[in-house]
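The next block holds one structure in the form of structure tokens; read it before the comments.
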Amino acid sequence: MSTVDPPQAWRRAAERNPEVGFVDAILRGASQVFLQNNPITGLIILAAVCWGAVDAGIPQAAIGAVLGLVVGTATATLLRVPHAAIREGLFGFNPLLTGLALPIFLRPNLQLWVYVVIGAVVTTVVTLALSTVLQTWDVPPLTFPFVLTTWFLLLSAYQFAKIREGPLGRPALPHGVDPRSVPVHVTGGFLTPSMLKDVSEVFLLANTVTGLLILVALAVNSLWAAGFAIGGAVVSTLVAVWLGTSGTAVAAGLYGFSAVLTAVALGSVFYRPSWRVAVYALLGVVFTVFIHAALTTALLPVGVPPLTAPFVLATWLFLLPKRDLAPPAHRELPEHDVVRSR
Amino acid sequence: MSTVDPPQAWRRAAERNPEVGFVDAILRGASQVFLQNNPITGLIILAAVCWGAVDAGIPQAAIGAVLGLVVGTATATLLRVPHAAIREGLFGFNPLLTGLALPIFLRPNLQLWVYVVIGAVVTTVVTLALSTVLQTWDVPPLTFPFVLTTWFLLLSAYQFAKIREGPLGRPALPHGVDPRSVPVHVTGGFLTPSMLKDVSEVFLLANTVTGLLILVALAVNSLWAAGFAIGGAVVSTLVAVWLGTSGTAVAAGLYGFSAVLTAVALGSVFYRPSWRVAVYALLGVVFTVFIHAALTTALLPVGVPPLTAPFVLATWLFLLPKRDLAPPAHRELPEHDVVRSR
Amino acid sequence: MSTVDPPQAWRRAAERNPEVGFVDAILRGASQVFLQNNPITGLIILAAVCWGAVDAGIPQAAIGAVLGLVVGTATATLLRVPHAAIREGLFGFNPLLTGLALPIFLRPNLQLWVYVVIGAVVTTVVTLALSTVLQTWDVPPLTFPFVLTTWFLLLSAYQFAKIREGPLGRPALPHGVDPRSVPVHVTGGFLTPSMLKDVSEVFLLANTVTGLLILVALAVNSLWAAGFAIGGAVVSTLVAVWLGTSGTAVAAGLYGFSAVLTAVALGSVFYRPSWRVAVYALLGVVFTVFIHAALTTALLPVGVPPLTAPFVLATWLFLLPKRDLAPPAHRELPEHDVVRSR
């Protein structure tokens with residue numbers, strides 16, 4: 001199904017050799033952030049994240065990401081999660097994001113690294129807990145285990161003197177956007193880097209090279225995924241600009257990263273691409289922009305960011321209706337079932 | 001079962017002619033805000049809303065209500081919702097309220113009308129999503145799809161310069177009530193208009209004529225519904241005054257609209273009226289007042305109103321125990337099952 | 001199974017005589033706050049709470065606790081809850097806590113006592129509602145009915161002039177901990193009373209005698225429960241101190257009471273004690289500290305305390321994975337099923 005599959009030799013080695021199998025699970029875990037299941041995609045994504053983190057002067061974020069990925073996947077093994085789910089990388093992507101986010105928002109010291117390790121372990125427990133709850137309605141936890149665990153850890157940082165906040169926004173009461181912050185001339189020179197940053201901001205990094213590499217990584221596994229990612233970035237940026245969002249937020253890719261994930265999930269993963277699905281996904285992408293803006297307002301008084309919660313909420317709301325979006329005569333099943341069956 | 005049924009000729013035309021059937025569904029949708037299923041009730045309610053909106057100088061609210069009702073119902077048809085549920089108006093009342101609320105809290109411009117249309121479409125998607133979740137426990141979404149969608153859209157308005165807040169309260173930290181704002185002399189001349197506004201505030205309008213017309217509309221379908229609506233208004237106003245609520249809030253009907261809906265739902269729709277049920281509904285109404293006050297406090301820092309969330313939360317909490325409130329020997333089934341079976 | 005069982009004569013009287021049975025249910029209800037089911041444990045706990053309340057100059061808190069216990073249990077009877085669940089005290093512990101908390105945070109007057117009675121009745125309704133929802137995943141409501149009802153009632157107090165806030169923290173925006181408030185020299189003389197207060201703060205009282213009496217009460221029913229309570233207090237205090245929490249909060253036992261409950265629940269009630277379970281419970285206890293800190297931050301702008309929500313959230317998250325923590329060959333069932341079967 002993929003554009004490029006891993007070599008047959010690798011897949012055989014991953015099945016026979018536990019160490020190679022673990023590395024394979026780790027790489028697939030990195031690709032599952034974008035709901036893909038391909039170790040090559042994961043390898044390119046990890047390279048893209050390392051580039052972006054080093055380029056931003058926060059190499060500890062890349063270290064945290066790999067640490068989270070390894071610790072989280074190992075925790076799943078210790079908790080005797082069925083091997084198949086671990087092998088698909090379904091227990092890697094959430095702790096990867098937790099391990100990445102904490103060093104981005106908090107300053108590095110011993111306590112931070114304890115946070116990262118505990119955060120990765122707990123993210124795996126939360127993944128199992130949410131899977132139990134959500135399988136009632138046959139929807140997956142997506143990145144919500146990362147969001148929930150990271151919200152708890154970032155909120156708790158305000159109560160601990162040994163955990164020092166870095167670029168966490170200061171808690172404040174919401175107020176309207178300053179009209180002077182809204183971009184007046186919106187050109188391709190403004191939009192193109194914004195959209196690439198929409199893609200890289202999925203990993204909390206504002207880096208055009210990272211964004212470009214991720215698009216390549218997606219295309220390696222699925223051209224549809226890459227196409228819907230670009231579509232999500234274009235639509236969300238245009239909507240945010242048209243509604244008069246702060247120009248710095250749009251330029252940094254903050255209004256697009258959740259929308260990119262919603263577009264990939266609704267357009268190419270959970271439903272089979274079609275015109276009807278594209279319209280439904282478009283609506284989901286637009287509403288993701290609204291939810292991102294809403295959570296930006298709602299979380300301002302407690303000083304934590306929305307993370308990928310807008311993607312999760314929008315995708316849940318658009319999956320739960322369980323509507324058959326294929327033409328009546330040819331009902332098709334989703335090609336890839338991300339819902340864990342345990 | 002109704003006090004006044006629509007003429008037989010109308011019902012036959014609604015079944016045969018799709019256009020008449022759509023108008024019938026629209027009118028029943030308006031009546032479902034109060035959990036009724038009667039096109040005449042819906043027609044009077046729409047007239048009451050138009051009167052109240054024009055009288056308050058915001059005719060755009062009435063236009064938004066009708067637009068939401070039509071767009072939301074049409075979306076349900078496009079998403080292939082079973083025809084019977086649409087025909088009962090179950091996909092009309094939530095988008096009606098979304099379309100009504102947005103022009104009341106935001107100033108009219110092109111972006112607002114885009115908000116209303118997207119809001120109505122998304123409200124229908126959210127109705128389907130919540131129905132899937134809530135059917136696990138056999139309770140209906142009530143007006144929560146409207147509340148959730150409208151909260152997202154109002155919260156997001158703070159991030160968009162092209163969406164201008166109207167009478168949305170400014171975000172602030174909660175503080176105690178100023179004792180000077182509490183009414184000293186509470187007389188019938190204070191209470192009667194307050195109670196009629198309790199009824200009209202279900203549609204976010206403080207208008208005694210609108211309240212009176214709605215009571216007539218309820219009586220047309222069910223005298224019990226009208227009676228419990230009046231009871232809910234009386235009880236909630238007395239509780240709020242006795243606890244020392246701000247006089248302006250009580251006079252505007254803000255402490256009663258959710259309680260009116262709780263009284264109708266618990267007293268006459270989900271349980272069959274009896275003394276035992278009346279006591280249970282009374283408790284539900286009193287706790288609705290507390291939840292309204294609680295959400296007023298909790299939402300103050302993010303600058304959005306509770307809408308009808310207190311009604312939804314109280315009614316869910318009082319339906320979920322699934323207690324049999326009829327005398328042991330004569331268990332009776334609820335006469336009208338509002339829970340959608342899909 | 002218990003260390004000390006109630007005399008055979010008492011148990012026989014409780015079964016035959018409804019009045020003795022009611023007293024037995026009341027006492028078991030008091031013990032269920034710590035997930036125990038033993039009237040002697042409950043009696044000692046009630047004595048400990050009375051001592052702590054009188055010693056703190058708030059005897060009305062003890063009166064409220066007993067009133068809540070009686071009213072809540074009676075409400076369950078009126079709502080025809082199966083007798084067995086009432087007899088185990090499962091409908092007593094939540095209203096006990098509601099009736100205790102309200103007079104601690106609010107000043108006594110007529111309106112307060114109405115709050116306590118309505119709060120106890122509603123807590124029972126909420127217990128039934130949450131039981132219906134949570135039995136889908138076979139987890140119990142724990143103390144969440146108390147938390148939810150009390151949050152609603154405390155939040156609503158800000159809107160009512162006749163309900164006067166006592167030591168409810170003033171709503172504020174979160175800010176970092178003042179490093180000067182962090183204890184420099186942490187010695188046994190600081191830690192021992194803190195840990196006893198961790199135990200007594202389950203009942204919102206900072207009293208070493210109360211803490212000691214509660215440990216005795218636990219040991220009467222289960223030495224494991226007493227052991228895990230002490231373990232939870234030690235671990236949470238050390239974690240909070242190591243992360244640099246405000247010294248006054250640690251000294252008052254605020255960082256330990258939820259952790260004590262998590263330790264008892266995960267270590268000795270829902271799983272059978274073992275090394276594997278102890279490690280899992282340890283992780284749950286550590287994360288309870290983070291959740292307590294997180295909710296302290298998140299609830300600051302609305303001016304209500306976390307209560308035992310951190311215990312509830314952590315315990316749910318660590319129960320829902322439904323992992324079998326016994327060695328593969330000897331799967332053992334939880335010795336005491338707290339999940340209500342209705």
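Ligands are numbered from 1 in the order shown, residues from 1 within each chain, and chains are lettered A, B, ... in the order they appear in the structure tokens.
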
Quiz item: Could you pull the residues within 9 Å of Ala252 of chain C, counting only C-alpha atoms, minus those fewer than 4 positions along the same chain, as a list in words?
Solution: Pro193, Ser194, Met195, Lys197, Asp198, Glu201, Leu205, Ala206, Asn207, Gly247 and Thr248 of chain C

Write the residues of the preceding selection, restricted to C-alpha atoms, as a compact mmCIF listing (two decimals), in the first residue's frame.
# COMPACT_ATOMS: atom_id res chain seq x y z
CA PRO C 193 3.65 15.66 61.48
CA SER C 194 3.31 16.46 57.74
CA MET C 195 2.70 12.81 57.00
CA LYS C 197 -1.64 15.48 58.36
CA ASP C 198 -1.50 13.90 54.88
CA GLU C 201 -6.41 15.97 55.25
CA LEU C 205 -8.38 18.62 58.62
CA ALA C 206 -4.70 19.27 59.45
CA ASN C 207 -4.46 17.38 62.73
CA GLY C 247 6.63 24.44 52.58
CA THR C 248 3.35 25.54 54.13

Quiz prompt | Near-Pro306 of chain C list (10 Å; only C-alpha atoms; drop same-chain fewer than 3 positions) as a PyMOL selection string | solution = chain C and resi 147+151+254+258+291-300+303+309-311

Self-check item: Long-range neighbours of segment 9-26 of chain A as a PyMOL selection string, 10 Å cut-off, only C-alpha atoms, 4 positions minimum in chain
Solution: chain A and resi 5+30-32+37-40+42-43+66+69-70+72-74+84-93+96

Those same residues - N, CA, C and O atoms - I'd like them written as a CSV table (one decimal), in the first residue's frame.
chain,number,residue,atom,x,y,z
A,5,ASP,N,8.1,0.8,0.5
A,5,ASP,CA,8.1,-0.1,1.7
A,5,ASP,C,9.5,-0.4,2.2
A,5,ASP,O,10.4,-0.3,1.4
A,30,ALA,N,7.5,6.7,15.6
A,30,ALA,CA,7.7,8.1,15.1
A,30,ALA,C,6.7,8.4,14.0
A,30,ALA,O,6.2,9.5,13.9
A,31,SER,N,6.5,7.4,13.1
A,31,SER,CA,5.6,7.7,11.9
A,31,SER,C,4.1,7.8,12.3
A,31,SER,O,3.3,8.4,11.7
A,32,GLN,N,3.8,7.1,13.5
A,32,GLN,CA,2.4,7.1,13.9
A,32,GLN,C,1.9,8.5,14.4
A,32,GLN,O,0.7,8.7,14.6
A,37,ASN,N,2.3,4.0,9.3
A,37,ASN,CA,2.9,2.8,9.9
A,37,ASN,C,4.0,2.4,8.9
A,37,ASN,O,3.8,1.4,8.2
A,38,ASN,N,5.2,3.0,9.0
A,38,ASN,CA,6.3,2.8,8.1
A,38,ASN,C,7.6,3.2,8.7
A,38,ASN,O,7.7,4.4,9.0
A,39,PRO,N,8.5,2.3,8.9
A,39,PRO,CA,9.8,2.7,9.6
A,39,PRO,C,10.6,3.7,8.8
A,39,PRO,O,11.3,4.5,9.4
A,40,ILE,N,10.5,3.7,7.5
A,40,ILE,CA,11.3,4.7,6.7
A,40,ILE,C,10.7,6.1,7.0
A,40,ILE,O,11.5,7.1,7.2
A,42,GLY,N,9.2,7.0,9.6
A,42,GLY,CA,9.6,7.3,11.0
A,42,GLY,C,11.0,7.8,11.1
A,42,GLY,O,11.3,8.8,11.8
A,43,LEU,N,11.9,7.2,10.3
A,43,LEU,CA,13.3,7.6,10.3
A,43,LEU,C,13.5,9.0,9.8
A,43,LEU,O,14.2,9.8,10.4
A,66,VAL,N,13.4,11.0,21.7
A,66,VAL,CA,13.9,9.7,21.6
A,66,VAL,C,13.8,8.9,22.9
A,66,VAL,O,13.3,7.8,22.9
A,69,LEU,N,10.2,8.0,23.4
A,69,LEU,CA,9.8,6.9,22.5
A,69,LEU,C,10.3,5.6,23.0
A,69,LEU,O,9.5,4.6,23.1
A,70,VAL,N,11.5,5.5,23.5
A,70,VAL,CA,12.1,4.3,24.0
A,70,VAL,C,11.4,3.9,25.3
A,70,VAL,O,11.0,2.7,25.5
A,72,GLY,N,8.6,4.8,26.7
A,72,GLY,CA,7.1,4.5,26.5
A,72,GLY,C,6.9,3.1,25.9
A,72,GLY,O,6.1,2.4,26.4
A,73,THR,N,7.7,2.8,24.8
A,73,THR,CA,7.5,1.5,24.2
A,73,THR,C,7.9,0.4,25.1
A,73,THR,O,7.3,-0.6,25.2
A,74,ALA,N,9.0,0.6,25.9
A,74,ALA,CA,9.5,-0.4,26.9
A,74,ALA,C,8.4,-0.6,27.9
A,74,ALA,O,8.1,-1.7,28.4
A,84,ALA,N,1.5,-7.2,18.9
A,84,ALA,CA,1.2,-6.7,17.6
A,84,ALA,C,1.0,-5.2,17.6
A,84,ALA,O,1.5,-4.4,16.8
A,85,ALA,N,0.3,-4.7,18.7
A,85,ALA,CA,0.1,-3.2,18.8
A,85,ALA,C,1.4,-2.5,19.0
A,85,ALA,O,1.6,-1.4,18.5
A,86,ILE,N,2.3,-3.0,19.8
A,86,ILE,CA,3.6,-2.4,20.1
A,86,ILE,C,4.4,-2.4,18.8
A,86,ILE,O,5.0,-1.3,18.4
A,87,ARG,N,4.4,-3.5,18.0
A,87,ARG,CA,5.1,-3.6,16.8
A,87,ARG,C,4.7,-2.5,15.7
A,87,ARG,O,5.5,-2.1,14.9
A,88,GLU,N,3.4,-2.2,15.8
A,88,GLU,CA,2.9,-1.2,14.8
A,88,GLU,C,3.2,0.3,15.2
A,88,GLU,O,2.9,1.2,14.6
A,89,GLY,N,3.9,0.4,16.4
A,89,GLY,CA,4.3,1.7,16.9
A,89,GLY,C,3.2,2.5,17.6
A,89,GLY,O,3.3,3.7,17.9
A,90,LEU,N,2.1,1.8,17.9
A,90,LEU,CA,0.9,2.5,18.6
A,90,LEU,C,1.2,2.9,20.0
A,90,LEU,O,0.5,3.7,20.6
A,91,PHE,N,2.3,2.4,20.6
A,91,PHE,CA,2.7,2.8,22.0
A,91,PHE,C,3.9,3.7,22.0
A,91,PHE,O,4.5,3.9,23.0
A,92,GLY,N,4.3,4.2,20.8
A,92,GLY,CA,5.5,5.0,20.7
A,92,GLY,C,5.2,6.5,20.5
A,92,GLY,O,5.9,7.4,21.1
A,93,PHE,N,4.2,6.8,19.7
A,93,PHE,CA,4.1,8.2,19.3
A,93,PHE,C,3.6,9.2,20.4
A,93,PHE,O,4.1,10.3,20.5
A,96,LEU,N,6.7,9.8,22.7
A,96,LEU,CA,7.6,10.6,21.9
A,96,LEU,C,7.3,12.1,22.1
A,96,LEU,O,8.1,13.0,22.4

Quiz item: If you count only C-alpha atoms, which residues fall within 10 Å of Val250 of chain B, apart from same-chain ones fewer than 4 positions away, as a list of chain:residue names?
Solution: B:Val182, B:Pro183, B:Phe190, B:Leu191, B:Ser194, B:Met195, B:Lys197, B:Asp198, B:Ser236, B:Thr237, B:Leu238, B:Ala240, B:Val241, B:Gly244, B:Thr245, B:Ser246, B:Leu254, B:Tyr255, B:Gly256

File dump, residues just selected, C-alpha atoms, as a PDB file, in the first residue's frame:
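Writing the result to result-v9.pdb gives the following:
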ATOM      1  CA  VAL B 182     -29.443  42.064  45.898  1.00  0.00           C
ATOM      2  CA  PRO B 183     -33.128  43.068  45.730  1.00  0.00           C
ATOM      3  CA  PHE B 190     -40.834  42.040  40.491  1.00  0.00           C
ATOM      4  CA  LEU B 191     -41.483  38.319  40.261  1.00  0.00           C
ATOM      5  CA  SER B 194     -38.903  37.834  35.917  1.00  0.00           C
ATOM      6  CA  MET B 195     -40.638  34.507  35.538  1.00  0.00           C
ATOM      7  CA  LYS B 197     -38.349  36.237  31.121  1.00  0.00           C
ATOM      8  CA  ASP B 198     -37.126  32.948  32.626  1.00  0.00           C
ATOM      9  CA  SER B 236     -35.832  28.922  40.487  1.00  0.00           C
ATOM     10  CA  THR B 237     -36.682  32.591  41.003  1.00  0.00           C
ATOM     11  CA  LEU B 238     -37.577  32.059  44.661  1.00  0.00           C
ATOM     12  CA  ALA B 240     -32.192  32.576  43.583  1.00  0.00           C
ATOM     13  CA  VAL B 241     -33.779  35.466  45.503  1.00  0.00           C
ATOM     14  CA  GLY B 244     -29.207  36.582  47.568  1.00  0.00           C
ATOM     15  CA  THR B 245     -28.452  36.592  43.854  1.00  0.00           C
ATOM     16  CA  SER B 246     -27.812  39.820  41.971  1.00  0.00           C
ATOM     17  CA  LEU B 254     -30.976  34.477  33.798  1.00  0.00           C
ATOM     18  CA  TYR B 255     -31.501  32.293  36.866  1.00  0.00           C
ATOM     19  CA  GLY B 256     -34.561  30.547  35.494  1.00  0.00           C
TER      20      GLY B 256
END

Exercise. Can you work out which one of C:Val116, C:Val302, C:Ala265, C:Leu97 has the shortest atom-to-atom distance to chain B, counting only C-alpha atoms?
Key: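 Under the stated criterion, the closest residue is C:Val302.
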
Quiz prompt | Distance-based interface of chain C with chain B, 7 Å, counting only C-alpha atoms, as a PyMOL selection string | solution = chain C and resi 79+125-126+128-129+132-133+152-153+155-156+158-163+171-172+301-302

Go ahead and save the picked residues with N, CA, C and O atoms, as a PDB file, in the first residue's frame.
ATOM      1  N   LEU C  79     -34.627   6.222  47.145  1.00  0.00           N
ATOM      2  CA  LEU C  79     -34.509   6.004  45.698  1.00  0.00           C
ATOM      3  C   LEU C  79     -34.449   4.517  45.360  1.00  0.00           C
ATOM      4  O   LEU C  79     -34.159   4.146  44.230  1.00  0.00           O
ATOM      5  N   VAL C 125     -27.733  11.251  44.303  1.00  0.00           N
ATOM      6  CA  VAL C 125     -28.186  11.174  42.907  1.00  0.00           C
ATOM      7  C   VAL C 125     -26.973  11.087  41.976  1.00  0.00           C
ATOM      8  O   VAL C 125     -26.933  10.272  41.043  1.00  0.00           O
ATOM      9  N   VAL C 126     -25.952  11.919  42.238  1.00  0.00           N
ATOM     10  CA  VAL C 126     -24.754  11.927  41.390  1.00  0.00           C
ATOM     11  C   VAL C 126     -24.010  10.590  41.501  1.00  0.00           C
ATOM     12  O   VAL C 126     -23.461  10.096  40.516  1.00  0.00           O
ATOM     13  N   LEU C 128     -25.356   7.678  41.921  1.00  0.00           N
ATOM     14  CA  LEU C 128     -26.076   6.741  41.055  1.00  0.00           C
ATOM     15  C   LEU C 128     -25.790   7.033  39.584  1.00  0.00           C
ATOM     16  O   LEU C 128     -25.581   6.113  38.780  1.00  0.00           O
ATOM     17  N   ALA C 129     -25.776   8.326  39.220  1.00  0.00           N
ATOM     18  CA  ALA C 129     -25.540   8.696  37.815  1.00  0.00           C
ATOM     19  C   ALA C 129     -24.149   8.252  37.371  1.00  0.00           C
ATOM     20  O   ALA C 129     -23.982   7.628  36.322  1.00  0.00           O
ATOM     21  N   THR C 132     -23.814   4.495  36.899  1.00  0.00           N
ATOM     22  CA  THR C 132     -24.357   4.029  35.616  1.00  0.00           C
ATOM     23  C   THR C 132     -23.339   4.220  34.498  1.00  0.00           C
ATOM     24  O   THR C 132     -23.108   3.333  33.683  1.00  0.00           O
ATOM     25  N   VAL C 133     -22.709   5.410  34.479  1.00  0.00           N
ATOM     26  CA  VAL C 133     -21.751   5.704  33.407  1.00  0.00           C
ATOM     27  C   VAL C 133     -20.517   4.817  33.536  1.00  0.00           C
ATOM     28  O   VAL C 133     -20.065   4.197  32.567  1.00  0.00           O
ATOM     29  N   PHE C 152     -19.569  22.242  42.457  1.00  0.00           N
ATOM     30  CA  PHE C 152     -20.732  23.025  42.022  1.00  0.00           C
ATOM     31  C   PHE C 152     -21.182  23.960  43.145  1.00  0.00           C
ATOM     32  O   PHE C 152     -21.428  25.144  42.925  1.00  0.00           O
ATOM     33  N   LEU C 153     -21.283  23.428  44.378  1.00  0.00           N
ATOM     34  CA  LEU C 153     -21.830  24.233  45.470  1.00  0.00           C
ATOM     35  C   LEU C 153     -20.857  25.346  45.875  1.00  0.00           C
ATOM     36  O   LEU C 153     -21.279  26.463  46.180  1.00  0.00           O
ATOM     37  N   LEU C 155     -18.488  26.749  43.890  1.00  0.00           N
ATOM     38  CA  LEU C 155     -18.446  27.728  42.798  1.00  0.00           C
ATOM     39  C   LEU C 155     -19.686  28.615  42.830  1.00  0.00           C
ATOM     40  O   LEU C 155     -19.602  29.824  42.587  1.00  0.00           O
ATOM     41  N   SER C 156     -20.841  28.009  43.143  1.00  0.00           N
ATOM     42  CA  SER C 156     -22.078  28.789  43.142  1.00  0.00           C
ATOM     43  C   SER C 156     -22.090  29.816  44.265  1.00  0.00           C
ATOM     44  O   SER C 156     -22.741  30.860  44.156  1.00  0.00           O
ATOM     45  N   TYR C 158     -20.047  31.985  45.074  1.00  0.00           N
ATOM     46  CA  TYR C 158     -19.603  33.321  44.648  1.00  0.00           C
ATOM     47  C   TYR C 158     -20.743  34.174  44.104  1.00  0.00           C
ATOM     48  O   TYR C 158     -20.616  35.386  44.008  1.00  0.00           O
ATOM     49  N   GLN C 159     -21.863  33.528  43.700  1.00  0.00           N
ATOM     50  CA  GLN C 159     -22.980  34.276  43.101  1.00  0.00           C
ATOM     51  C   GLN C 159     -24.082  34.572  44.115  1.00  0.00           C
ATOM     52  O   GLN C 159     -25.083  35.193  43.757  1.00  0.00           O
ATOM     53  N   PHE C 160     -23.937  34.092  45.355  1.00  0.00           N
ATOM     54  CA  PHE C 160     -25.021  34.231  46.328  1.00  0.00           C
ATOM     55  C   PHE C 160     -24.538  35.034  47.529  1.00  0.00           C
ATOM     56  O   PHE C 160     -23.634  34.602  48.258  1.00  0.00           O
ATOM     57  N   ALA C 161     -25.171  36.174  47.782  1.00  0.00           N
ATOM     58  CA  ALA C 161     -24.737  37.032  48.882  1.00  0.00           C
ATOM     59  C   ALA C 161     -25.018  36.400  50.248  1.00  0.00           C
ATOM     60  O   ALA C 161     -24.347  36.708  51.227  1.00  0.00           O
ATOM     61  N   LYS C 162     -26.011  35.504  50.322  1.00  0.00           N
ATOM     62  CA  LYS C 162     -26.376  34.897  51.608  1.00  0.00           C
ATOM     63  C   LYS C 162     -25.476  33.713  51.969  1.00  0.00           C
ATOM     64  O   LYS C 162     -25.565  33.184  53.069  1.00  0.00           O
ATOM     65  N   ILE C 163     -24.671  33.253  51.012  1.00  0.00           N
ATOM     66  CA  ILE C 163     -23.686  32.217  51.290  1.00  0.00           C
ATOM     67  C   ILE C 163     -22.341  32.927  51.367  1.00  0.00           C
ATOM     68  O   ILE C 163     -21.888  33.527  50.396  1.00  0.00           O
ATOM     69  N   PRO C 171      -9.911  33.766  44.044  1.00  0.00           N
ATOM     70  CA  PRO C 171      -9.534  33.487  42.653  1.00  0.00           C
ATOM     71  C   PRO C 171      -8.353  34.354  42.229  1.00  0.00           C
ATOM     72  O   PRO C 171      -8.304  35.550  42.560  1.00  0.00           O
ATOM     73  N   ALA C 172      -7.392  33.754  41.528  1.00  0.00           N
ATOM     74  CA  ALA C 172      -6.199  34.486  41.091  1.00  0.00           C
ATOM     75  C   ALA C 172      -5.598  33.785  39.887  1.00  0.00           C
ATOM     76  O   ALA C 172      -5.912  32.628  39.605  1.00  0.00           O
ATOM     77  N   PRO C 301      -7.846  30.153  39.157  1.00  0.00           N
ATOM     78  CA  PRO C 301      -8.641  31.285  38.645  1.00  0.00           C
ATOM     79  C   PRO C 301     -10.120  31.231  39.020  1.00  0.00           C
ATOM     80  O   PRO C 301     -10.802  32.245  38.935  1.00  0.00           O
ATOM     81  N   VAL C 302     -10.639  30.069  39.407  1.00  0.00           N
ATOM     82  CA  VAL C 302     -12.055  30.001  39.772  1.00  0.00           C
ATOM     83  C   VAL C 302     -12.249  29.817  41.276  1.00  0.00           C
ATOM     84  O   VAL C 302     -13.383  29.715  41.757  1.00  0.00           O
TER      85      VAL C 302
END

Exercise. Using only C-alpha atoms, determine which residues lie at most 10 Å from Val209 of chain A, disregarding the query and same-chain residues fewer than 6 positions distant; provide the list as a ChimeraX atom specification.
Key: /A:48-49,51-52,55,193,196-197,200,215

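Counting from atom CA of Ile45 of chain A, the distance to atom CA of Gly166 of chain A is 25.0 Å.
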
Practice problem: Report as an MDAnalysis selection string: the residues of segment 163-206 of chain A with a DSSP assignment of helix (DSSP H, G or I), based on the backbone of this structure. | Solution: chainID A and resid 179:181 188:203

Quiz item: Hey, what's within 10 Å of Leu282 of chain B if we count only C-alpha atoms and toss same-chain stuff fewer than 5 positions away? As a VMD selection string, please?
Solution: chain B and resid 228 231 to 232 235 to 236 259 262 to 263 266 to 267 276 to 277 287 to 288

Exercise. Measure the distance from atom CA of Phe203 of chain B to atom CA of Val121 of chain B in Å and round it to one decimal.
Key: 19.5 Å

Quiz prompt | Computed interatomic separation between atom CA of Leu307 of chain A and atom CA of Gly99 of chain A (Å) | solution =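 These two atoms are separated by 13.4 Å.
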
Quiz item: Out of C:Leu168, C:Ala251, C:Ile44, C:Val54, which residue has the shortest atom-to-atom distance to Ala219 of chain C when counting only C-alpha atoms?
Solution: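 So, comparing all the options, the nearest one is C:Ile44.
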